[in-house]
Amino acid sequence: MKAGVENSVGSIDVLVTPEMSARLDGREIHHVYSTFWLAYHAEVAARRAIEPFFEKGENAVGAELQIKHLAMTAIGATVHITARVTQVRGPVITCAIEARVGNKNTLVAEGIQVQVCITDTIVQERVKNALR
């Protein structure tokens, strides 16, 4: 891992579409941004925070995700999700997650995401083992 990752920030702006509504078993439960999609977008932001710091042959795998979904977000709104690296302990990198809507004033969610930096070779071996 290249130097500087400990100060890194990744983000994503998401326009909430109808497909991102809360759905279970193929039916819409609530016509607002779902926790499922929020979690996915938090993962994207966290990956954006660390990926520029990979050395050649490095990769990372998700190890933990905690999200507190604090407020509903309407379809058509734009959500700004930020992942800020808060801790690096060897290969383990923790990001604080924050999601805001409405000119970034309303806090929609907060949490953490943890990734473990490993080599591409190890990732490939683990994928092979999982497919057995």
# chains A, B, ... in the order shown; residues from 1 in each chain; ligands from 1

$ closest_atom_pairs --of "segment 88-110 of chain A" --to "segment 10-20 of chain A" --cutoff "12 Å" --atoms "only C-alpha atoms" --output "JSON lines"
{"residue": "A:Cys95", "atom": "CA", "partner": "A:Gly10", "partner_atom": "CA", "distance": 9.3}
{"residue": "A:Ala96", "atom": "CA", "partner": "A:Gly10", "partner_atom": "CA", "distance": 10.4}
{"residue": "A:Ile97", "atom": "CA", "partner": "A:Ser11", "partner_atom": "CA", "distance": 9.4}
{"residue": "A:Glu98", "atom": "CA", "partner": "A:Ser11", "partner_atom": "CA", "distance": 9.5}
{"residue": "A:Ala99", "atom": "CA", "partner": "A:Asp13", "partner_atom": "CA", "distance": 9.5}
{"residue": "A:Arg100", "atom": "CA", "partner": "A:Asp13", "partner_atom": "CA", "distance": 9.7}
{"residue": "A:Val101", "atom": "CA", "partner": "A:Asp13", "partner_atom": "CA", "distance": 9.6}
{"residue": "A:Gly102", "atom": "CA", "partner": "A:Leu15", "partner_atom": "CA", "distance": 11.7}
{"residue": "A:Asn103", "atom": "CA", "partner": "A:Asp13", "partner_atom": "CA", "distance": 11.2}
{"residue": "A:Lys104", "atom": "CA", "partner": "A:Asp13", "partner_atom": "CA", "distance": 10.5}

$ write_last_selection --atoms "N, CA and C atoms" --output "PDB file, in the first residue's frame"
ATOM      1  N   CYS A  95     -12.766   2.706   7.152  1.00  0.00           N
ATOM      2  CA  CYS A  95     -13.302   3.978   6.656  1.00  0.00           C
ATOM      3  C   CYS A  95     -14.556   4.343   7.444  1.00  0.00           C
ATOM      4  N   ALA A  96     -14.679   5.623   7.795  1.00  0.00           N
ATOM      5  CA  ALA A  96     -15.929   6.150   8.336  1.00  0.00           C
ATOM      6  C   ALA A  96     -16.810   6.514   7.146  1.00  0.00           C
ATOM      7  N   ILE A  97     -18.050   6.094   7.206  1.00  0.00           N
ATOM      8  CA  ILE A  97     -19.004   6.328   6.122  1.00  0.00           C
ATOM      9  C   ILE A  97     -20.005   7.383   6.568  1.00  0.00           C
ATOM     10  N   GLU A  98     -20.302   8.307   5.665  1.00  0.00           N
ATOM     11  CA  GLU A  98     -21.330   9.317   5.911  1.00  0.00           C
ATOM     12  C   GLU A  98     -22.096   9.540   4.614  1.00  0.00           C
ATOM     13  N   ALA A  99     -23.420   9.564   4.702  1.00  0.00           N
ATOM     14  CA  ALA A  99     -24.267   9.844   3.546  1.00  0.00           C
ATOM     15  C   ALA A  99     -25.149  11.037   3.869  1.00  0.00           C
ATOM     16  N   ARG A 100     -25.168  11.990   2.938  1.00  0.00           N
ATOM     17  CA  ARG A 100     -25.962  13.207   3.131  1.00  0.00           C
ATOM     18  C   ARG A 100     -26.771  13.498   1.875  1.00  0.00           C
ATOM     19  N   VAL A 101     -27.883  14.189   2.063  1.00  0.00           N
ATOM     20  CA  VAL A 101     -28.742  14.584   0.949  1.00  0.00           C
ATOM     21  C   VAL A 101     -29.151  16.035   1.146  1.00  0.00           C
ATOM     22  N   GLY A 102     -29.591  16.688   0.073  1.00  0.00           N
ATOM     23  CA  GLY A 102     -30.049  18.076   0.197  1.00  0.00           C
ATOM     24  C   GLY A 102     -28.918  19.027   0.449  1.00  0.00           C
ATOM     25  N   ASN A 103     -28.053  19.203  -0.558  1.00  0.00           N
ATOM     26  CA  ASN A 103     -26.869  20.058  -0.415  1.00  0.00           C
ATOM     27  C   ASN A 103     -25.988  19.615   0.740  1.00  0.00           C
ATOM     28  N   LYS A 104     -26.026  18.318   1.004  1.00  0.00           N
ATOM     29  CA  LYS A 104     -25.174  17.678   2.018  1.00  0.00           C
ATOM     30  C   LYS A 104     -25.507  18.124   3.439  1.00  0.00           C
TER      31      LYS A 104
END

$ select_by_dssp --residues "segment 12-43 of chain A" --states "strand (DSSP E)" --output "PyMOL selection string"
chain A and resi 12-15+21-24+27-33

$ atom_distance --atom1 "atom CA of Ile29 of chain A" --atom2 "atom CA of Ala77 of chain A"
18.4 Å

$ select_by_dssp --residues "segment 7-40 of chain A" --states "alpha helix (DSSP H)" --output "VMD selection string"
chain A and resid 35 to 40

$ closest_atom_pairs --of "segment 49-109 of chain A" --to "segment 35-45 of chain A" --cutoff "12 Å" --atoms "only C-alpha atoms" --output "Markdown table"
| residue | atom | partner | partner_atom | distance |
| --- | --- | --- | --- | --- |
| A:Ala49 | CA | A:Ala45 | CA | 6.4 |
| A:Ile50 | CA | A:Ala45 | CA | 9.1 |
| A:Glu51 | CA | A:Ala45 | CA | 10.2 |
| A:Ala60 | CA | A:Glu43 | CA | 11.7 |
| A:Val61 | CA | A:Glu43 | CA | 10.5 |
| A:Gly62 | CA | A:Glu43 | CA | 8.1 |
| A:Ala63 | CA | A:Glu43 | CA | 10.7 |
| A:Glu64 | CA | A:Glu43 | CA | 9.9 |
| A:Leu65 | CA | A:Ala39 | CA | 7.8 |
| A:Gln66 | CA | A:Ala39 | CA | 8.5 |
| A:Ile67 | CA | A:Ala39 | CA | 6.9 |
| A:Lys68 | CA | A:Thr35 | CA | 9.0 |
| A:His69 | CA | A:Thr35 | CA | 6.7 |
| A:Leu70 | CA | A:Thr35 | CA | 10.0 |
| A:Ala71 | CA | A:Thr35 | CA | 10.3 |
| A:Met72 | CA | A:Thr35 | CA | 9.4 |
| A:Thr73 | CA | A:Leu38 | CA | 10.2 |
| A:Thr78 | CA | A:Leu38 | CA | 11.9 |
| A:Val79 | CA | A:Leu38 | CA | 9.1 |
| A:His80 | CA | A:His41 | CA | 9.6 |
| A:Ile81 | CA | A:Ala42 | CA | 6.5 |
| A:Thr82 | CA | A:Ala45 | CA | 6.1 |
| A:Ala83 | CA | A:Ala45 | CA | 5.4 |
| A:Arg84 | CA | A:Ala45 | CA | 8.8 |
| A:Val85 | CA | A:Ala45 | CA | 10.7 |
| A:Thr94 | CA | A:Glu43 | CA | 11.6 |
| A:Cys95 | CA | A:Ala45 | CA | 9.3 |
| A:Ala96 | CA | A:Ala42 | CA | 9.6 |
| A:Ile97 | CA | A:Ala42 | CA | 6.6 |
| A:Glu98 | CA | A:Ala42 | CA | 8.2 |
| A:Ala99 | CA | A:Ala42 | CA | 8.2 |
| A:Arg100 | CA | A:Leu38 | CA | 11.0 |
| A:Val108 | CA | A:Leu38 | CA | 9.4 |
| A:Ala109 | CA | A:Leu38 | CA | 8.3 |
